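Asker: As input, take model_29.txt (compact mmCIF, C-alpha atoms):
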```
# COMPACT_ATOMS: atom_id res chain seq x y z
CA CYS A 1 -29.61 51.54 38.58
CA ILE A 2 -29.19 50.27 42.13
CA THR A 3 -32.09 52.40 43.38
CA PHE A 4 -34.23 51.17 40.48
CA ALA A 5 -33.27 47.58 41.30
CA MET A 6 -34.29 48.10 44.93
CA LEU A 7 -37.60 49.59 43.83
CA LEU A 8 -38.23 46.41 41.87
CA THR A 9 -38.00 44.43 45.12
CA LEU A 10 -41.03 46.34 46.42
CA ILE A 11 -43.19 44.81 43.72
CA LYS A 12 -45.32 42.04 45.17
CA PHE A 13 -46.71 39.33 42.94
CA PRO A 14 -50.37 38.73 43.81
CA GLY A 15 -51.75 35.26 43.97
CA ALA A 16 -54.23 33.93 41.46
CA PRO A 17 -57.59 35.73 41.83
CA PRO A 18 -60.91 33.92 42.34
CA PHE A 19 -62.04 32.22 39.19
CA ALA A 20 -65.40 30.92 38.04
CA VAL A 21 -65.49 27.86 35.80
CA GLY A 22 -68.71 27.39 33.87
CA ASP A 23 -67.67 26.75 30.30
CA TYR A 24 -64.67 27.07 28.00
CA GLY A 25 -65.36 30.69 27.04
CA GLN A 26 -62.68 32.02 29.41
CA TYR A 27 -59.93 30.52 27.25
CA ASP A 28 -58.81 31.96 23.93
CA ASP A 29 -57.46 28.65 22.65
CA ASP A 30 -59.51 25.63 21.61
CA SER A 31 -59.25 22.64 23.92
CA ASP A 32 -60.47 19.11 24.45
CA PHE A 33 -60.36 16.50 27.21
CA ALA A 34 -59.96 12.76 27.46
CA TYR A 35 -61.88 10.26 29.56
CA ALA A 36 -61.90 6.53 30.29
CA THR A 37 -64.03 3.84 32.02
CA CYS A 38 -67.14 6.02 31.80
CA PRO A 39 -70.70 5.06 30.76
CA SER A 40 -71.31 4.53 27.06
CA ASP A 41 -73.41 7.69 26.74
CA TRP A 42 -70.88 9.82 28.63
CA ALA A 43 -69.82 11.90 25.63
CA SER A 44 -73.36 13.12 25.02
CA TYR A 45 -73.41 14.82 28.45
CA THR A 46 -69.93 16.33 28.36
CA PRO A 47 -69.22 20.07 27.82
CA SER A 48 -69.34 21.38 24.28
CA VAL A 49 -65.76 20.51 23.38
CA PRO A 50 -64.24 17.42 21.75
CA ALA A 51 -64.23 14.46 24.17
CA ILE A 52 -61.62 11.77 23.45
CA GLU A 53 -62.33 8.32 24.85
CA SER A 54 -59.45 6.10 25.92
CA SER A 55 -59.47 2.32 26.29
CA ALA A 56 -57.41 2.49 29.50
CA THR A 57 -58.82 0.43 32.37
CA TYR A 58 -56.97 1.87 35.36
CA ALA A 59 -55.33 5.15 36.37
CA GLY A 60 -51.73 4.12 35.73
CA GLU A 61 -52.51 3.03 32.18
CA PHE A 62 -54.56 6.17 31.57
CA SER A 63 -51.73 8.35 32.86
CA ARG A 64 -49.26 6.72 30.49
CA TYR A 65 -51.73 7.23 27.65
CA LEU A 66 -52.00 10.95 28.44
CA VAL A 67 -48.23 11.38 28.64
CA SER A 68 -47.57 9.48 25.42
CA ASN A 69 -50.20 11.53 23.57
CA ALA A 70 -49.35 14.89 25.12
CA LYS A 71 -47.93 16.24 21.85
CA ASN A 72 -50.14 14.34 19.44
CA HIS A 73 -53.35 16.38 19.77
CA ALA A 74 -53.60 19.60 17.79
CA ILE A 75 -55.39 21.62 20.50
CA ASN A 76 -54.71 22.11 24.19
CA ARG A 77 -55.94 19.70 26.81
CA ILE A 78 -56.75 21.19 30.20
CA GLY A 79 -57.68 17.98 31.98
CA ALA A 80 -58.79 14.39 31.74
CA HIS A 81 -60.73 12.05 34.00
CA MET A 82 -61.48 8.42 34.68
CA CYS A 83 -64.94 7.59 35.99
CA ASN A 84 -64.20 4.22 37.60
CA ASN A 85 -60.65 3.44 38.56
CA PRO A 86 -60.59 -0.02 40.18
CA GLY A 87 -58.36 -1.03 43.06
CA PHE A 88 -58.30 2.09 45.22
CA PHE A 89 -58.49 1.24 48.89
CA PRO A 90 -58.29 3.30 52.09
CA ALA A 91 -54.92 3.05 53.85
CA THR A 92 -53.17 4.35 56.95
CA PRO A 93 -50.95 7.44 56.57
CA ALA A 94 -48.07 5.60 58.23
CA ASN A 95 -48.07 2.76 55.70
CA THR A 96 -50.02 3.33 52.51
CA SER A 97 -49.51 -0.27 51.40
CA VAL A 98 -51.67 -1.60 54.25
CA ALA A 99 -55.38 -1.49 53.44
CA VAL A 100 -57.87 -0.61 56.16
CA GLY A 101 -60.94 -1.26 54.05
CA ALA A 102 -62.21 -2.91 50.91
CA ALA A 103 -61.12 -1.61 47.55
CA ALA A 104 -63.73 0.40 45.65
CA PRO A 105 -63.89 2.12 42.24
CA THR A 106 -62.88 5.75 42.43
CA SER A 107 -63.09 8.67 40.04
CA VAL A 108 -59.73 10.17 39.14
CA PHE A 109 -58.97 13.36 37.24
CA PHE A 110 -55.73 14.62 35.72
CA THR A 111 -54.72 18.24 35.09
CA ASN A 112 -52.37 20.22 32.87
CA ASN A 113 -51.36 23.16 35.05
CA SER A 114 -48.26 24.01 33.00
CA ILE A 115 -50.43 26.30 30.84
CA TYR A 116 -53.65 26.83 32.80
CA VAL A 117 -53.44 28.10 36.39
CA HIS A 118 -56.91 26.83 37.26
CA ALA A 119 -56.51 23.45 35.55
CA GLY A 120 -57.33 21.52 38.74
CA PRO A 121 -60.75 23.07 39.42
CA HIS A 122 -61.48 23.03 35.69
CA ALA A 123 -60.76 19.30 35.39
CA LEU A 124 -62.96 18.64 38.43
CA TRP A 125 -65.71 20.72 36.84
CA GLU A 126 -65.48 18.64 33.65
CA LEU A 127 -66.04 15.46 35.66
CA GLN A 128 -68.69 16.68 38.11
CA SER A 129 -70.73 18.68 35.57
CA THR A 130 -71.00 15.65 33.31
CA TRP A 131 -72.13 13.48 36.24
CA MET A 132 -74.79 16.05 37.17
CA ARG A 133 -76.11 16.42 33.61
CA ARG A 134 -76.34 12.67 33.25
CA ALA A 135 -77.96 12.22 36.66
CA VAL A 136 -80.81 14.62 35.84
CA ASN A 137 -80.82 13.73 32.12
CA ASN A 138 -80.40 17.38 31.13
CA ARG A 139 -77.65 17.97 28.59
CA ALA A 140 -78.08 21.76 28.82
CA LEU A 141 -77.83 21.95 32.64
CA PRO A 142 -75.47 24.83 33.53
CA VAL A 143 -72.90 23.89 36.18
CA ARG A 144 -70.58 26.48 37.67
CA VAL A 145 -67.58 26.06 39.97
CA VAL A 146 -65.84 28.94 41.76
CA THR A 147 -62.26 28.51 42.90
CA HIS A 148 -60.29 30.77 45.21
CA PRO A 149 -56.63 29.63 45.26
CA LEU A 150 -54.76 29.52 48.56
CA PRO A 151 -51.89 31.95 49.25
CA LEU A 152 -48.41 31.01 48.06
CA SER A 153 -46.68 28.34 50.13
CA LYS A 154 -43.32 28.93 51.82
CA PHE A 155 -41.58 27.11 49.00
CA GLU A 156 -43.35 29.17 46.34
CA GLU A 157 -42.57 32.41 48.18
CA ALA A 158 -38.91 31.39 48.44
CA PHE A 159 -38.84 30.57 44.72
CA VAL A 160 -40.31 33.97 43.79
CA GLU A 161 -37.91 35.73 46.16
CA ALA A 162 -34.94 33.89 44.65
CA PHE A 163 -36.05 34.86 41.16
CA VAL A 164 -36.39 38.52 42.17
CA THR A 165 -32.99 38.44 43.90
CA VAL A 166 -31.26 37.15 40.77
CA PHE A 167 -33.03 39.74 38.63
CA VAL A 168 -32.10 42.54 41.04
CA SER A 169 -28.46 41.43 41.25
CA ILE A 170 -28.15 41.86 37.47
CA PHE A 171 -29.28 45.49 37.78
CA VAL A 172 -26.92 46.00 40.71
CA LEU A 173 -23.96 44.86 38.61
CA ILE A 174 -24.69 47.23 35.71
CA PRO A 175 -23.39 50.48 37.31
CA PHE A 176 -20.27 48.75 38.63
CA THR A 177 -19.25 47.83 35.09
CA PHE A 178 -18.76 51.53 34.26
CA ILE A 179 -16.52 52.28 37.24
CA PRO A 180 -13.16 51.08 35.77
CA SER A 181 -13.70 53.09 32.58
CA THR A 182 -14.38 56.21 34.70
CA PHE A 183 -11.07 55.88 36.54
CA VAL A 184 -8.94 55.20 33.47
CA SER A 185 -10.34 58.20 31.58
CA PHE A 186 -8.16 60.60 33.59
CA ILE A 187 -5.06 58.48 32.94
CA VAL A 188 -5.72 58.52 29.21
CA LYS A 189 -6.47 62.27 29.22
CA GLU A 190 -3.18 63.07 30.96
CA ARG A 191 -1.33 61.06 28.33
CA GLU A 192 -3.18 62.74 25.45
CA THR A 193 -2.53 66.28 26.79
CA HIS A 194 1.10 65.40 27.64
CA ALA A 195 0.47 66.32 31.26
CA LEU A 196 2.16 63.07 32.28
CA GLN A 197 5.30 63.95 30.33
CA LEU A 198 5.39 67.36 32.00
CA GLN A 199 5.18 65.75 35.45
CA GLN A 200 7.91 63.27 34.55
CA ALA A 201 10.14 66.09 33.30
CA SER A 202 9.60 67.78 36.66
CA GLY A 203 10.97 64.69 38.43
CA LEU A 204 7.83 62.69 39.19
CA MET A 205 8.59 59.01 39.80
CA TYR A 206 6.47 56.30 38.13
CA VAL A 207 5.81 54.56 41.45
CA VAL A 208 4.54 57.76 43.07
CA TYR A 209 2.36 58.58 40.04
CA TRP A 210 0.63 55.20 39.86
CA ALA A 211 0.36 54.82 43.63
CA ALA A 212 -1.25 58.25 43.98
CA ASN A 213 -3.75 57.48 41.22
CA PHE A 214 -4.54 54.09 42.73
CA VAL A 215 -5.10 55.49 46.24
CA PHE A 216 -7.35 58.28 44.93
CA ASP A 217 -9.35 55.95 42.69
CA MET A 218 -9.79 53.37 45.47
CA ALA A 219 -10.92 56.12 47.87
CA SER A 220 -13.49 57.22 45.31
CA PHE A 221 -14.60 53.62 44.80
CA ILE A 222 -14.99 53.04 48.55
CA ILE A 223 -17.35 56.01 48.75
CA THR A 224 -19.35 54.57 45.83
CA ALA A 225 -19.44 51.13 47.49
CA LEU A 226 -20.61 52.58 50.82
CA LEU A 227 -23.39 54.51 49.06
CA ALA A 228 -24.50 51.29 47.35
CA ILE A 229 -24.51 49.45 50.69
CA LEU A 230 -26.47 52.35 52.22
CA ILE A 231 -29.15 51.87 49.56
CA PHE A 232 -29.26 48.14 50.40
CA ALA A 233 -29.73 49.01 54.08
CA ILE A 234 -32.49 51.55 53.37
CA PHE A 235 -34.48 48.95 51.46
CA GLY A 236 -33.79 46.26 54.07
CA ARG A 237 -32.04 43.76 51.79
CA ASP A 238 -30.85 41.21 54.33
CA GLU A 239 -28.92 39.24 51.70
CA TYR A 240 -26.52 42.23 51.46
CA VAL A 241 -26.58 43.83 54.93
CA GLY A 242 -28.51 41.37 57.07
CA SER A 243 -25.74 40.97 59.65
CA GLY A 244 -22.21 42.13 60.39
CA GLU A 245 -20.79 39.03 58.74
CA VAL A 246 -22.86 39.53 55.59
CA PHE A 247 -22.00 43.24 55.47
CA GLY A 248 -18.29 42.46 55.84
CA ALA A 249 -18.38 39.86 53.08
CA VAL A 250 -20.19 42.22 50.68
CA PHE A 251 -17.84 45.10 51.49
CA VAL A 252 -14.72 42.97 51.02
CA LEU A 253 -16.13 41.65 47.74
CA MET A 254 -16.66 45.20 46.53
CA LEU A 255 -13.14 46.21 47.61
CA LEU A 256 -11.62 43.29 45.72
CA TYR A 257 -13.66 44.17 42.66
CA GLY A 258 -12.59 47.82 42.92
CA ALA A 259 -8.91 46.94 43.30
CA SER A 260 -8.96 44.51 40.38
CA GLY A 261 -11.05 46.86 38.22
CA VAL A 262 -8.81 49.86 38.83
CA ALA A 263 -5.60 47.87 38.30
CA GLY A 264 -7.01 46.21 35.20
CA SER A 265 -8.06 49.54 33.72
CA TYR A 266 -4.52 50.86 34.27
CA ILE A 267 -3.09 47.93 32.36
CA CYS A 268 -5.58 48.39 29.50
CA SER A 269 -4.68 52.07 29.25
CA PHE A 270 -1.25 51.32 27.76
```
As structure tokens, please, write out the structure in this file.
Answerer:
Amino acid sequence: CITFAMLLTLIKFPGAPPFAVGDYGQYDDDSDFAYATCPSDWASYTPSVPAIESSATYAGEFSRYLVSNAKNHAINRIGAHMCNNPGFFPATPANTSVAVGAAAPTSVFFTNNSIYVHAGPHALWELQSTWMRRAVNNRALPVRVVTHPLPLSKFEEAFVEAFVTVFVSIFVLIPFTFIPSTFVSFIVKERETHALQLQQASGLMYVVYWAANFVFDMASFIITALLAILIFAIFGRDEYVGSGEVFGAVFVLMLLYGASGVAGSYICSF
């Protein structure tokens, strides 16, 4: 199980591949989109899906409309856009509340990337393709957008690595759960075959019997723990053997588990 868990760590999750957006045929589910502050004939130039017009007049109001209606439409909504959002003005990065130019209407689009990976480019395509069709007065004008997502950020890589680490740790724990039952099986067998009674009749003391079993079982467990740590080292798992301090902590943790598991199995054998 430990080797299988380490092999899982070699699996690399590829980023999203390049994707061409030209219509809604790439999605299995039906979808629609919402828009606001657009020309009166806007819907006649939109892609061939239901277009829902909102009476919102600025981006904040439109955003609240989208959130409040997120569960009220029967089909999925990839994106939404606002053609003319008033009040946007250029500002300095140091203080975004200080305008450095006159406010001007700006187009704004919203995305639903919880379901669709390419929701951002798709929402932009919905807005830009409609503008282009309307500008040339051609409702059948094909417009295609190709997106090539950037590699995962450091935060995203850390999130994926943390997820894999948790998943791997579950597989690492599975074989250790069988160790106590392996040790206690010999104790139970000696009692069933009356070998323990024979040893006691020969003068064996209880303390010597249990101490000898404990020392042997712990020695066997230490070998098992070292083999597990060796597998961690072979696969370069720094979270287990990255430094002397980490190695010592993992080894002590395994020793404590072995001691408690062996002692607990002895108690349960009565």
Asker: Excluding same-chain residues fewer than 3 positions from A:Thr57, what lies within 12 Å of it counting all atoms listed in the file, as a list of chain:residue names?
Answerer: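 So the residues in contact are A:Tyr35, A:Ala36, A:Thr37, A:Cys38, A:Glu53, A:Ser54, A:Gly60, A:Glu61, A:Phe62, A:Ser63, A:Arg64, A:Tyr65, A:His81, A:Met82, A:Cys83, A:Asn84, A:Asn85, A:Pro86, A:Gly87, A:Pro105, A:Val108.
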Asker: Could you pull the residues within 12 Å of A:Pro142, counting all atoms listed in the file, minus those fewer than 5 positions along the same chain, as an mmCIF file with C-alpha atoms, in the frame of the given file?
Answerer:
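As written to disk, around_37.cif reads:
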```
data_model
loop_
_atom_site.group_PDB
_atom_site.id
_atom_site.type_symbol
_atom_site.label_atom_id
_atom_site.label_comp_id
_atom_site.auth_asym_id
_atom_site.auth_seq_id
_atom_site.Cartn_x
_atom_site.Cartn_y
_atom_site.Cartn_z
ATOM 1 C CA VAL A 21 -65.490 27.860 35.800
ATOM 2 C CA GLY A 22 -68.710 27.390 33.870
ATOM 3 C CA ASP A 23 -67.670 26.750 30.300
ATOM 4 C CA TYR A 45 -73.410 14.820 28.450
ATOM 5 C CA THR A 46 -69.930 16.330 28.360
ATOM 6 C CA PRO A 47 -69.220 20.070 27.820
ATOM 7 C CA SER A 48 -69.340 21.380 24.280
ATOM 8 C CA TRP A 125 -65.710 20.720 36.840
ATOM 9 C CA GLU A 126 -65.480 18.640 33.650
ATOM 10 C CA GLN A 128 -68.690 16.680 38.110
ATOM 11 C CA SER A 129 -70.730 18.680 35.570
ATOM 12 C CA THR A 130 -71.000 15.650 33.310
ATOM 13 C CA MET A 132 -74.790 16.050 37.170
ATOM 14 C CA ARG A 133 -76.110 16.420 33.610
ATOM 15 C CA VAL A 136 -80.810 14.620 35.840
#
```
Asker: Just checking: using only C-alpha atoms, which residue out of A:Lys154, A:Val172, A:Ile187, A:Gly264 ends up closest to A:Ala225?
Answerer: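 Going through A:Lys154, A:Val172, A:Ile187, A:Gly264 one by one, the smallest distance to A:Ala225 is for A:Val172.
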Asker: What lies within 10 Å of A:Leu255 using all atoms listed in the file, ignoring chain neighbours under 6 positions off, as an MDAnalysis selection string?
Answerer: chainID A and resid 218 221:222 225 249 261
Asker: Taking all listed atoms of stretch 32-37 of chain A, build the axis-aligned box, pad each of the six sides by 4 Å, then write its centre and edge lengths in Å to one decimal as AutoDock Vina command-line options.
Answerer:
```
--center_x -62.0 --center_y 11.5 --center_z 28.2 --size_x 12.1 --size_y 23.3 --size_z 15.6
```
Asker: Contacts between stretch 238-247 of chain A and stretch 124-223 of chain A, please, where a residue of stretch 124-223 of chain A counts if it comes within 12 Å (with all atoms listed in the file); show its shortest atom pair and distance in Å to one decimal, rows by chain and ascending number, as a tab-separated table.
Answerer:
```
residue	atom	partner	partner_atom	distance
A:Glu161	CA	A:Glu239	CA	11.1
A:Ala162	CA	A:Glu239	CA	10.7
A:Thr165	CA	A:Glu239	CA	8.8
A:Val166	CA	A:Glu239	CA	11.4
A:Val168	CA	A:Glu239	CA	11.6
A:Ser169	CA	A:Tyr240	CA	10.4
A:Val172	CA	A:Tyr240	CA	11.4
```
Asker: If you measure from atom CA of A:Phe171 to atom CA of A:Cys1, what distance in Å do you get, rounded to one decimal?
Answerer: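 Computing the Euclidean distance for atom CA of A:Phe171 and atom CA of A:Cys1 yields 6.1 Å.
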Asker: Nearest residue to A:Pro121 out of A:Val146, A:Val252, A:Val49, A:Leu8, using all atoms listed in the file?
Answerer: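 Under the stated criterion, the closest residue is A:Val146.
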Asker: How many Å separate atom CA of A:Val208 from atom CA of A:Thr177?
Answerer: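 Separation between atom CA of A:Val208 and atom CA of A:Thr177: 27.0 Å.
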Asker: Kindly indicate which residue among A:Ala70, A:Tyr116, A:Thr147, A:Leu127 lies nearest to A:Ala43, using all atoms listed in the file for the distances.
Answerer: A:Leu127
Asker: Using Å and a single decimal, report how far atom CA of A:Gly79 sits from atom CA of A:Phe110.
Answerer: 5.4 Å
Asker: Which residues are close to A:Val262, i.e. within 12 Å by only C-alpha atoms, leaving aside same-chain residues fewer than 4 positions away? Reply as a ChimeraX atom specification.
Answerer: /A:176-187,210-211,213-222,254-258,266-269
Asker: Compare A:Leu7, A:Ala20, A:Gly203, A:Asp29 by their minimum atom-to-atom distance to A:Val145, counting all atoms listed in the file, and give me the closest one.
Answerer: A:Ala20
Asker: Can you give me all heavy atoms for stretch 70-81 of chain A, written as a CSV table (one decimal), in the coordinates of the input?
Answerer:
```csv
chain,number,residue,atom,x,y,z
A,70,ALA,N,-49.3,13.5,24.7
A,70,ALA,CA,-49.4,14.9,25.1
A,70,ALA,C,-49.1,15.8,23.9
A,70,ALA,O,-49.6,16.9,23.9
A,70,ALA,CB,-48.3,15.1,26.2
A,71,LYS,N,-48.3,15.4,23.0
A,71,LYS,CA,-47.9,16.2,21.8
A,71,LYS,C,-48.6,15.8,20.5
A,71,LYS,O,-48.2,16.3,19.5
A,71,LYS,CB,-46.4,16.3,21.7
A,71,LYS,CG,-45.7,16.9,22.9
A,71,LYS,CD,-44.2,16.9,22.6
A,71,LYS,CE,-43.5,17.6,23.8
A,71,LYS,NZ,-42.0,17.6,23.5
A,72,ASN,N,-49.5,14.9,20.7
A,72,ASN,CA,-50.1,14.3,19.4
A,72,ASN,C,-51.5,15.0,19.1
A,72,ASN,O,-52.0,14.7,18.0
A,72,ASN,CB,-50.3,12.8,19.6
A,72,ASN,CG,-49.0,12.1,19.6
A,72,ASN,OD1,-48.0,12.6,19.2
A,72,ASN,ND2,-49.0,10.9,20.2
A,73,HIS,N,-52.1,15.7,20.1
A,73,HIS,CA,-53.4,16.4,19.8
A,73,HIS,C,-53.1,17.8,19.4
A,73,HIS,O,-52.2,18.5,19.9
A,73,HIS,CB,-54.3,16.3,21.0
A,73,HIS,CG,-53.7,16.6,22.3
A,73,HIS,ND1,-53.5,17.9,22.8
A,73,HIS,CD2,-53.2,15.8,23.2
A,73,HIS,CE1,-53.0,17.8,23.9
A,73,HIS,NE2,-52.8,16.6,24.3
A,74,ALA,N,-53.9,18.3,18.4
A,74,ALA,CA,-53.6,19.6,17.8
A,74,ALA,C,-54.0,20.8,18.7
A,74,ALA,O,-53.4,21.8,18.6
A,74,ALA,CB,-54.4,19.7,16.5
A,75,ILE,N,-54.9,20.5,19.6
A,75,ILE,CA,-55.4,21.6,20.5
A,75,ILE,C,-55.0,21.3,21.9
A,75,ILE,O,-54.6,20.2,22.3
A,75,ILE,CB,-56.9,21.8,20.4
A,75,ILE,CG1,-57.7,20.5,20.6
A,75,ILE,CG2,-57.3,22.4,19.0
A,75,ILE,CD1,-59.2,20.7,20.5
A,76,ASN,N,-55.1,22.3,22.8
A,76,ASN,CA,-54.7,22.1,24.2
A,76,ASN,C,-55.7,21.2,24.9
A,76,ASN,O,-56.9,21.1,24.6
A,76,ASN,CB,-54.6,23.5,24.9
A,76,ASN,CG,-53.5,24.3,24.3
A,76,ASN,OD1,-52.5,23.8,24.0
A,76,ASN,ND2,-53.8,25.6,24.2
A,77,ARG,N,-55.1,20.6,26.0
A,77,ARG,CA,-55.9,19.7,26.8
A,77,ARG,C,-55.8,20.1,28.3
A,77,ARG,O,-54.7,20.0,28.8
A,77,ARG,CB,-55.5,18.2,26.6
A,77,ARG,CG,-56.3,17.3,27.5
A,77,ARG,CD,-56.0,15.8,27.1
A,77,ARG,NE,-56.5,15.6,25.7
A,77,ARG,CZ,-56.2,14.5,25.0
A,77,ARG,NH1,-55.3,13.6,25.5
A,77,ARG,NH2,-56.7,14.4,23.8
A,78,ILE,N,-56.8,20.7,28.8
A,78,ILE,CA,-56.8,21.2,30.2
A,78,ILE,C,-56.7,20.1,31.2
A,78,ILE,O,-56.0,20.1,32.2
A,78,ILE,CB,-57.9,22.1,30.5
A,78,ILE,CG1,-57.9,23.3,29.4
A,78,ILE,CG2,-57.9,22.7,31.9
A,78,ILE,CD1,-59.1,24.2,29.5
A,79,GLY,N,-57.6,19.1,31.0
A,79,GLY,CA,-57.7,18.0,32.0
A,79,GLY,C,-58.2,16.7,31.3
A,79,GLY,O,-58.5,16.7,30.2
A,80,ALA,N,-58.2,15.7,32.1
A,80,ALA,CA,-58.8,14.4,31.7
A,80,ALA,C,-59.3,13.7,33.0
A,80,ALA,O,-58.9,14.0,34.1
A,80,ALA,CB,-57.7,13.5,31.0
A,81,HIS,N,-60.2,12.7,32.8
A,81,HIS,CA,-60.7,12.0,34.0
A,81,HIS,C,-61.1,10.6,33.7
A,81,HIS,O,-61.3,10.2,32.5
A,81,HIS,CB,-62.0,12.8,34.6
A,81,HIS,CG,-63.0,13.0,33.5
A,81,HIS,ND1,-63.2,14.2,32.9
A,81,HIS,CD2,-64.0,12.2,33.0
A,81,HIS,CE1,-64.3,14.1,32.1
A,81,HIS,NE2,-64.8,12.9,32.2
```
